[in-house]
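Structure file entry.txt (compact mmCIF, C-alpha atoms and all ligand atoms) is printed below.
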```txt
# COMPACT_ATOMS: atom_id res chain seq x y z
CA MET A 1 -57.52 -1.97 -52.04
CA SER A 2 -58.45 -4.12 -55.00
CA ARG A 3 -61.00 -6.91 -54.76
CA ALA A 4 -58.33 -9.50 -55.56
CA ALA A 5 -56.09 -8.23 -52.74
CA LEU A 6 -58.99 -8.30 -50.29
CA LEU A 7 -59.81 -11.88 -51.27
CA ASP A 8 -56.17 -12.77 -50.80
CA ASP A 9 -56.25 -11.22 -47.29
CA GLN A 10 -59.31 -13.31 -46.46
CA ASP A 11 -57.51 -16.45 -47.69
CA ARG A 12 -54.52 -15.66 -45.51
CA LEU A 13 -56.76 -15.19 -42.45
CA ALA A 14 -58.54 -18.48 -43.20
CA GLU A 15 -55.18 -20.26 -43.38
CA ALA A 16 -54.12 -18.77 -40.05
CA ILE A 17 -57.37 -19.86 -38.42
CA ARG A 18 -56.93 -23.39 -39.76
CA PHE A 19 -53.37 -23.40 -38.37
CA ILE A 20 -54.74 -22.55 -34.92
CA GLU A 21 -57.69 -24.93 -35.05
CA GLU A 22 -55.56 -27.88 -36.17
CA GLY A 23 -52.92 -27.56 -33.41
CA ASP A 24 -53.05 -28.45 -29.71
CA ARG A 25 -49.99 -26.73 -28.30
CA PHE A 26 -48.49 -23.39 -29.30
CA LEU A 27 -45.64 -21.06 -28.51
CA VAL A 28 -46.55 -17.38 -28.93
CA VAL A 29 -43.61 -15.04 -29.50
CA SER A 30 -42.93 -11.45 -30.48
CA HIS A 31 -39.96 -9.15 -30.92
CA LEU A 32 -37.39 -8.40 -28.24
CA HIS A 33 -37.87 -5.18 -26.26
CA PRO A 34 -41.63 -5.62 -26.78
CA ASP A 35 -43.72 -2.48 -27.25
CA GLY A 36 -47.46 -2.03 -26.66
CA ASP A 37 -48.48 -3.76 -29.88
CA ALA A 38 -46.03 -6.66 -29.39
CA VAL A 39 -47.24 -7.29 -25.83
CA SER A 40 -50.93 -6.82 -26.68
CA SER A 41 -50.89 -8.99 -29.78
CA THR A 42 -49.06 -11.76 -27.88
CA LEU A 43 -51.66 -11.66 -25.09
CA ALA A 44 -54.60 -11.32 -27.50
CA VAL A 45 -53.45 -14.45 -29.36
CA GLY A 46 -53.04 -16.16 -25.96
CA TRP A 47 -56.58 -15.11 -25.07
CA ILE A 48 -57.93 -16.70 -28.30
CA LEU A 49 -56.00 -19.93 -27.62
CA HIS A 50 -57.32 -19.93 -24.05
CA LYS A 51 -60.90 -19.53 -25.33
CA LEU A 52 -60.35 -22.47 -27.69
CA GLY A 53 -59.00 -24.61 -24.83
CA LYS A 54 -55.55 -24.91 -26.43
CA ASP A 55 -52.29 -25.40 -24.57
CA PHE A 56 -49.88 -22.48 -25.03
CA LEU A 57 -46.88 -20.60 -23.71
CA MET A 58 -46.18 -16.90 -24.31
CA VAL A 59 -42.43 -16.22 -24.24
CA ASN A 60 -40.35 -13.16 -25.05
CA GLU A 61 -36.62 -12.57 -24.89
CA ASP A 62 -37.37 -9.59 -22.64
CA GLY A 63 -39.82 -9.23 -19.81
CA LEU A 64 -43.19 -7.53 -19.92
CA PRO A 65 -42.79 -3.77 -19.36
CA ALA A 66 -44.35 -3.06 -15.95
CA LYS A 67 -46.83 -0.54 -17.34
CA PHE A 68 -48.65 -3.35 -19.21
CA GLY A 69 -49.28 -5.28 -16.00
CA TYR A 70 -53.04 -4.51 -16.19
CA LEU A 71 -53.49 -6.65 -19.32
CA TRP A 72 -55.15 -10.06 -19.29
CA GLY A 73 -52.50 -12.81 -19.11
CA SER A 74 -49.65 -10.42 -18.26
CA GLY A 75 -48.61 -12.83 -15.47
CA GLN A 76 -48.14 -15.58 -18.06
CA PHE A 77 -45.94 -13.45 -20.33
CA ILE A 78 -42.70 -15.31 -19.64
CA ARG A 79 -39.22 -13.94 -20.00
CA PHE A 80 -37.02 -16.37 -21.92
CA SER A 81 -34.53 -18.41 -19.92
CA PRO A 82 -32.13 -20.99 -21.43
CA ASP A 83 -33.87 -23.95 -19.67
CA LEU A 84 -36.90 -23.26 -21.90
CA SER A 85 -34.82 -24.43 -24.88
CA ALA A 86 -35.28 -27.99 -23.59
CA SER A 87 -38.89 -27.93 -24.80
CA THR A 88 -39.55 -27.60 -28.48
CA PHE A 89 -42.81 -26.51 -30.02
CA ASN A 90 -44.25 -27.76 -33.29
CA ARG A 91 -46.43 -24.73 -33.76
CA VAL A 92 -45.24 -21.19 -33.21
CA ILE A 93 -47.20 -17.98 -33.67
CA ALA A 94 -44.99 -14.91 -34.14
CA VAL A 95 -46.72 -11.54 -33.81
CA ASP A 96 -45.46 -8.05 -34.72
CA CYS A 97 -42.04 -9.43 -35.80
CA ALA A 98 -40.69 -7.82 -38.96
CA ASP A 99 -38.04 -10.49 -39.40
CA PHE A 100 -37.00 -13.82 -37.93
CA ALA A 101 -33.98 -12.39 -36.10
CA ARG A 102 -36.23 -10.01 -34.10
CA ILE A 103 -37.62 -13.04 -32.23
CA GLY A 104 -34.21 -13.29 -30.57
CA GLU A 105 -33.16 -16.17 -28.34
CA VAL A 106 -36.66 -17.65 -28.11
CA ARG A 107 -35.82 -19.21 -31.49
CA SER A 108 -33.89 -21.87 -29.56
CA CYS A 109 -37.31 -23.36 -28.62
CA PHE A 110 -38.04 -24.05 -32.28
CA GLY A 111 -37.41 -27.54 -33.66
CA PRO A 112 -36.41 -28.39 -37.24
CA ASP A 113 -40.05 -29.20 -38.07
CA THR A 114 -41.59 -26.22 -36.32
CA ALA A 115 -44.38 -24.66 -38.34
CA LEU A 116 -44.50 -20.90 -38.01
CA LEU A 117 -47.48 -18.60 -38.36
CA ASN A 118 -46.22 -15.05 -38.94
CA ILE A 119 -48.80 -12.32 -38.15
CA ASP A 120 -47.47 -8.82 -38.73
CA HIS A 121 -48.06 -5.38 -40.22
CA HIS A 122 -44.51 -4.22 -41.06
CA PRO A 123 -44.03 -3.57 -44.80
CA THR A 124 -40.41 -4.75 -44.42
CA ASN A 125 -41.56 -8.20 -43.17
CA ASP A 126 -39.65 -10.89 -45.08
CA HIS A 127 -42.39 -13.57 -44.83
CA PHE A 128 -40.33 -15.95 -42.68
CA GLY A 129 -43.33 -18.09 -41.69
CA ARG A 130 -44.91 -21.16 -43.23
CA ILE A 131 -48.08 -19.09 -43.19
CA ASN A 132 -47.72 -15.33 -43.48
CA VAL A 133 -50.51 -12.97 -42.53
CA VAL A 134 -48.68 -9.75 -43.27
CA PHE A 135 -51.02 -6.81 -43.83
CA ALA A 136 -48.97 -3.65 -44.25
CA ASP A 137 -52.12 -1.50 -44.26
CA ALA A 138 -53.02 -2.58 -40.71
CA ALA A 139 -52.12 0.06 -38.13
CA ALA A 140 -51.07 -2.53 -35.59
CA THR A 141 -50.74 -6.30 -35.35
CA VAL A 142 -53.64 -6.32 -32.87
CA GLU A 143 -55.89 -5.10 -35.68
CA ILE A 144 -55.17 -8.34 -37.58
CA VAL A 145 -55.59 -10.46 -34.42
CA HIS A 146 -58.95 -8.77 -33.84
CA ASP A 147 -60.06 -9.54 -37.42
CA MET A 148 -59.09 -13.14 -36.82
CA ALA A 149 -61.15 -13.42 -33.61
CA GLU A 150 -64.09 -11.79 -35.38
CA ARG A 151 -63.85 -14.22 -38.28
CA MET A 152 -63.70 -17.09 -35.79
CA ARG A 153 -66.89 -15.69 -34.21
CA ILE A 154 -65.39 -15.74 -30.73
CA GLU A 155 -67.37 -13.58 -28.35
CA ILE A 156 -65.15 -10.67 -27.31
CA ASP A 157 -64.92 -9.63 -23.65
CA ALA A 158 -63.38 -6.66 -21.83
CA ASP A 159 -60.04 -8.48 -21.37
CA PHE A 160 -59.60 -9.03 -25.09
CA ALA A 161 -60.94 -5.56 -25.92
CA THR A 162 -58.40 -3.98 -23.55
CA CYS A 163 -55.53 -5.82 -25.29
CA ILE A 164 -56.70 -4.75 -28.74
CA TYR A 165 -57.33 -1.15 -27.68
CA THR A 166 -53.86 -0.99 -26.06
CA GLY A 167 -52.11 -2.10 -29.26
CA LEU A 168 -54.14 0.31 -31.40
CA LEU A 169 -53.57 3.21 -29.00
CA THR A 170 -49.80 2.71 -28.76
CA ASP A 171 -49.06 1.98 -32.44
CA THR A 172 -51.09 4.98 -33.64
CA GLY A 173 -49.56 7.34 -31.04
CA GLY A 174 -52.98 7.87 -29.47
CA PHE A 175 -54.93 7.74 -32.76
CA ARG A 176 -52.86 10.56 -34.25
CA TYR A 177 -50.46 9.00 -36.77
CA SER A 178 -51.28 8.56 -40.44
CA ASN A 179 -52.04 4.86 -39.84
CA THR A 180 -55.22 5.91 -37.99
CA THR A 181 -57.69 4.73 -40.61
CA PRO A 182 -61.48 4.75 -40.36
CA LYS A 183 -61.22 1.01 -39.73
CA VAL A 184 -58.91 1.59 -36.75
CA LEU A 185 -61.41 3.99 -35.21
CA ARG A 186 -64.31 1.64 -35.89
CA THR A 187 -62.43 -1.21 -34.22
CA ALA A 188 -61.47 1.04 -31.30
CA ALA A 189 -65.14 2.04 -30.91
CA GLN A 190 -66.15 -1.63 -30.80
CA MET A 191 -63.47 -2.25 -28.15
CA LEU A 192 -64.90 0.59 -26.01
CA GLU A 193 -68.33 -0.98 -26.36
CA ALA A 194 -66.86 -4.30 -25.25
CA GLY A 195 -65.46 -2.74 -22.07
CA ALA A 196 -62.04 -1.19 -22.80
CA GLU A 197 -61.58 1.94 -20.69
CA GLY A 198 -60.26 4.45 -23.22
CA SER A 199 -59.43 7.43 -21.05
CA ARG A 200 -57.82 5.31 -18.34
CA LEU A 201 -55.61 3.59 -20.92
CA ALA A 202 -54.67 6.90 -22.57
CA GLY A 203 -53.70 8.35 -19.18
CA LEU A 204 -51.67 5.29 -18.28
CA LEU A 205 -49.91 4.79 -21.60
CA LEU A 206 -49.59 8.23 -23.15
CA GLU A 207 -49.48 10.69 -20.29
CA ARG A 208 -48.13 9.16 -17.12
CA THR A 209 -44.36 9.21 -16.72
CA THR A 210 -42.01 8.00 -14.03
CA PHE A 211 -39.71 10.47 -12.30
CA GLY A 212 -36.72 8.76 -13.94
CA GLN A 213 -38.32 9.19 -17.34
CA THR A 214 -38.78 12.91 -16.77
CA MET A 215 -35.18 13.32 -15.60
CA LEU A 216 -34.02 11.41 -18.69
CA LEU A 217 -36.14 13.69 -20.87
CA ARG A 218 -34.44 16.69 -19.24
CA LEU A 219 -31.01 15.32 -20.19
CA ALA A 220 -32.11 14.45 -23.72
CA LEU A 221 -33.65 17.89 -24.32
CA ASN A 222 -30.49 19.57 -23.10
CA ARG A 223 -28.52 17.77 -25.81
CA MET A 224 -30.87 18.33 -28.72
CA GLU A 225 -29.05 19.24 -31.93
CA ARG A 226 -30.07 19.76 -35.52
CA SER A 227 -28.40 19.82 -38.91
CA ARG A 228 -27.47 23.15 -40.48
CA ASN A 229 -30.53 23.14 -42.74
CA GLY A 230 -32.75 22.18 -39.81
CA LYS A 231 -34.11 19.07 -41.52
CA ILE A 232 -32.59 16.54 -39.12
CA ALA A 233 -32.73 16.77 -35.32
CA TRP A 234 -31.34 14.27 -32.86
CA THR A 235 -30.49 13.54 -29.29
CA TYR A 236 -28.97 10.63 -27.39
CA VAL A 237 -29.06 8.66 -24.16
CA THR A 238 -26.09 6.83 -22.63
CA VAL A 239 -25.91 3.83 -20.31
CA GLN A 240 -24.56 6.20 -17.65
CA ASP A 241 -27.65 8.44 -18.05
CA LEU A 242 -29.92 5.53 -17.21
CA ALA A 243 -27.94 4.85 -14.05
CA ASP A 244 -27.85 8.56 -13.10
CA THR A 245 -31.60 9.08 -13.52
CA ASN A 246 -32.65 5.67 -12.22
CA ALA A 247 -34.42 5.12 -15.54
CA THR A 248 -34.69 2.00 -17.68
CA LEU A 249 -34.48 1.51 -21.44
CA GLU A 250 -38.28 1.36 -21.45
CA ASP A 251 -38.26 4.94 -20.18
CA THR A 252 -36.71 6.11 -23.45
CA GLU A 253 -39.93 5.37 -25.31
CA GLY A 254 -41.42 8.49 -26.84
CA LEU A 255 -38.19 10.51 -26.53
CA VAL A 256 -37.68 10.38 -30.30
CA ASN A 257 -40.85 12.41 -30.78
CA TYR A 258 -39.13 15.51 -29.35
CA PRO A 259 -36.63 15.87 -32.22
CA ARG A 260 -39.31 14.74 -34.71
CA ASN A 261 -41.82 17.36 -33.54
CA ILE A 262 -39.62 20.40 -34.18
CA GLU A 263 -40.87 22.64 -36.97
CA GLY A 264 -38.91 22.16 -40.21
CA VAL A 265 -37.53 18.79 -39.15
CA GLU A 266 -37.99 15.99 -41.66
CA VAL A 267 -36.25 13.23 -39.71
CA GLY A 268 -35.92 12.97 -35.93
CA ILE A 269 -33.43 10.54 -34.44
CA LEU A 270 -32.80 9.07 -31.00
CA PHE A 271 -29.53 7.26 -30.32
CA LYS A 272 -29.41 4.88 -27.38
CA GLU A 273 -26.17 3.41 -26.14
CA MET A 274 -27.01 -0.20 -25.25
CA PRO A 275 -25.78 -1.90 -22.06
CA ASP A 276 -24.50 -4.90 -24.04
CA GLY A 277 -22.70 -2.79 -26.65
CA GLY A 278 -23.89 -1.18 -29.85
CA VAL A 279 -26.23 1.71 -30.42
CA LYS A 280 -29.97 1.37 -30.95
CA VAL A 281 -31.26 4.01 -33.36
CA SER A 282 -34.87 5.17 -33.62
CA LEU A 283 -35.83 7.07 -36.75
CA ARG A 284 -39.02 9.07 -37.26
CA SER A 285 -40.02 11.00 -40.35
CA ASN A 286 -42.63 13.70 -40.77
CA GLU A 287 -43.49 13.88 -44.43
CA SER A 288 -41.64 12.62 -47.43
CA ALA A 289 -38.66 10.61 -46.16
CA ASP A 290 -39.06 6.83 -45.92
CA VAL A 291 -36.93 5.98 -42.89
CA SER A 292 -37.57 2.23 -43.25
CA VAL A 293 -35.27 2.28 -46.29
CA ILE A 294 -32.48 3.90 -44.27
CA ALA A 295 -33.02 1.51 -41.34
CA LYS A 296 -33.09 -1.49 -43.64
CA SER A 297 -29.83 -0.47 -45.30
CA MET A 298 -28.27 -0.52 -41.81
CA GLY A 299 -29.63 -3.99 -40.96
CA GLY A 300 -32.89 -2.88 -39.32
CA GLY A 301 -36.38 -2.16 -40.62
CA GLY A 302 -39.80 -0.78 -39.72
CA HIS A 303 -42.32 1.52 -41.33
CA ALA A 304 -41.94 4.52 -43.64
CA LYS A 305 -42.45 6.95 -40.76
CA ALA A 306 -41.05 4.93 -37.84
CA ALA A 307 -38.11 2.60 -38.15
CA GLY A 308 -35.02 1.49 -36.29
CA CYS A 309 -31.79 -0.46 -36.33
CA THR A 310 -28.88 -1.40 -34.11
CA MET A 311 -25.41 -0.20 -35.10
CA SER A 312 -22.05 -1.30 -33.78
CA GLY A 313 -19.32 1.13 -32.79
CA SER A 314 -18.98 3.97 -30.33
CA LEU A 315 -21.92 6.29 -29.76
CA LYS A 316 -20.11 9.21 -31.40
CA ASP A 317 -19.13 7.13 -34.40
CA CYS A 318 -22.63 5.71 -34.90
CA MET A 319 -24.20 9.15 -34.61
CA GLU A 320 -21.90 10.61 -37.26
CA ARG A 321 -22.46 7.68 -39.61
CA MET A 322 -26.24 7.67 -39.28
CA ILE A 323 -26.58 11.45 -39.65
CA ARG A 324 -24.53 11.24 -42.87
CA GLU A 325 -26.85 8.46 -44.13
CA VAL A 326 -29.95 10.49 -43.38
CA GLU A 327 -28.47 13.61 -44.97
CA ALA A 328 -27.75 11.60 -48.13
CA ALA A 329 -31.27 10.17 -48.13
CA LEU A 330 -32.81 13.65 -47.87
CA GLU A 331 -30.78 15.06 -50.76
P1 LIG B 1 -38.50 1.99 -32.39
O1 LIG B 1 -37.72 3.11 -32.93
O2 LIG B 1 -39.70 2.46 -31.63
O3 LIG B 1 -37.68 0.99 -31.65
O4 LIG B 1 -39.07 1.19 -33.63
C1 LIG B 1 -39.82 1.81 -34.63
C2 LIG B 1 -40.27 0.78 -35.64
O5 LIG B 1 -39.14 0.21 -36.29
C3 LIG B 1 -41.02 -0.39 -35.04
O6 LIG B 1 -42.06 -0.71 -35.92
C4 LIG B 1 -40.02 -1.49 -34.96
O7 LIG B 1 -40.61 -2.73 -35.08
C5 LIG B 1 -39.07 -1.19 -36.10
N1 LIG B 1 -37.69 -1.53 -35.70
C6 LIG B 1 -36.95 -0.95 -34.73
N2 LIG B 1 -35.75 -1.50 -34.64
C7 LIG B 1 -35.70 -2.47 -35.59
C8 LIG B 1 -34.69 -3.41 -36.00
O8 LIG B 1 -33.59 -3.48 -35.48
N3 LIG B 1 -35.04 -4.25 -37.01
C9 LIG B 1 -36.27 -4.20 -37.63
N4 LIG B 1 -36.52 -5.07 -38.62
N5 LIG B 1 -37.21 -3.33 -37.26
C10 LIG B 1 -36.95 -2.48 -36.27
MN MN B 2 -46.73 -3.06 -34.27
```

Please re-express this file's structure in structure tokens.
Ligand code: 5GP
Ligand code: MN
Amino acid sequence: MSRAALLDDQDRLAEAIRFIEEGDRFLVVSHLHPDGDAVSSTLAVGWILHKLGKDFLMVNEDGLPAKFGYLWGSGQFIRFSPDLSASTFNRVIAVDCADFARIGEVRSCFGPDTALLNIDHHPTNDHFGRINVVFADAAATVEIVHDMAERMRIEIDADFATCIYTGLLTDTGGFRYSNTTPKVLRTAAQMLEAGAEGSRLAGLLLERTTFGQTMLLRLALNRMERSRNGKIAWTYVTVQDLADTNATLEDTEGLVNYPRNIEGVEVGILFKEMPDGGVKVSLRSNESADVSVIAKSMGGGGHAKAAGCTMSGSLKDCMERMIREVEAALE
């Protein structure tokens, strides 16, 4: 990175810190269906606000996935309910949200004068905040939150370290994806020194499954298909499957890696029929294809190698349409 860009990053961080220091009361939000980085960066920001003696509320359209219950502040991660709309917040911190719409219904807590701090690492982020700390070279949003705490010279404890380590671990697929930079590993090492329990977290987040999850995997593997040239592989999960296997939508996480991991596959896809209609699509690419472009053209977004969108129509229809799009993109 150039010196000018680095200086610009430092300016952005300084602005974000000023935004936090100047306010008294904050709403911390992230994207709906929060993943490890969304949850961890929300709680890590909450931890910083707590250390500074600020008043804050952490709200998400969806609840905290049960597996993250060990994190500091997980009990204060509130699921949005319409009565929350009665209170408006002047200062909002959005973490890990690629675009404004991904915040979902929690936006009804924003007033006309709400100032937004947008902290994110998605290259497709549309800079919807008043202040935008969008570093596309960060592996996870927690990496940016950590840099902020460091710059603020807040003494890090095991609670904070566990949040940061969790976001790094989940967004890098266990320190395996191409976003695993030397800086990520240096930060992870510091978090271990500060008390994060690496092997326990890896076991909990990357290895342990529920029985429902394993039964769902069995169904999904049974249905695996690939294109004639073998470059696209996909599978799907229906609402009925979730009921049959006693699994939840959370249990579909990681399923998309099975089509992606097949030799010769360039793009792996998971289609999920959603309970409230529509089909959620997860796209993963191995080498050359930039799936964020495909996702963005269908109203979604993400990263070059991991992106997603929600389509409307029947499962069969959405699958056919998306596979055609991916085929065209690979030509
Ligand atoms: P996943 O497939 O695991 O849901 O998401 C992969 C990546 O794509 C994540 O970084 C996620 O934030 C992004 N993503 C998934 N769905 C959407 C979407 O509907 N809109 C946008 N902007 N990004 C998405
Ligand atoms: Mn993230």

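From CA of Ile131 in chain A back to CA of Gly308 in chain A, the distance works out to 25.3 Å.
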
Ligand MN 2 (chain B) neighbours within 10 Å using only C-alpha atoms and all ligand atoms, as number ranges by chain: A: 30-31, 34-41, 95-98, 120-122, 138-143, 167-168, 170-172, 302-303

Environment of ligand LIG 1 (chain B) within 10 Å, counting only C-alpha atoms and all ligand atoms, reported as a PyMOL selection string: chain A and resi 31-35+37-38+96-102+120-126+140+171+252-256+269-271+280-284+291-292+295-296+298-311

d(CA of Asn90 in chain A, CA of Ala44 in chain A) in Å: 20.3 Å

Distance criterion (only C-alpha atoms): nearest to Leu204 in chain A out of A:Thr166, A:Tyr258, A:Gln190, A:Lys54: A:Thr166

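Minimum distance to Lys51 in chain A across A:His146, A:Ser108, A:Phe160, A:Phe128 (counting only C-alpha atoms) occurs at A:Phe160.
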
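Between Thr248 in chain A and the residues A:Thr210, A:Ser288, A:Ser227, A:Thr235, the shortest atom-to-atom distance, using all atoms listed in the file, involves A:Thr210.
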
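Closest to Asn222 in chain A among A:Ala243, A:Val237, A:Met148, A:Leu249 is A:Val237, based on all atoms listed in the file.
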
Separation of CA of Gly313 in chain A from CA of Thr238 in chain A, in Å and rounded to one decimal: 13.5 Å

Non-local contacts of Asn60 in chain A (7 Å; only C-alpha atoms; under 2 positions in same chain excluded) as JSON, numbers by chain: {"A": [29, 30, 32, 58, 62, 63, 78, 79, 80, 106]}

Grab all the atoms of range 215-229 of chain A that the file lists, wrap them in a box along x, y and z, add 6 Å per side, and give me centre plus edge lengths in Å (one decimal) as JSON.
```
{"center_x": -31.8, "center_y": 17.3, "center_z": -29.2, "size_x": 20.7, "size_y": 23.7, "size_z": 39.1}
```
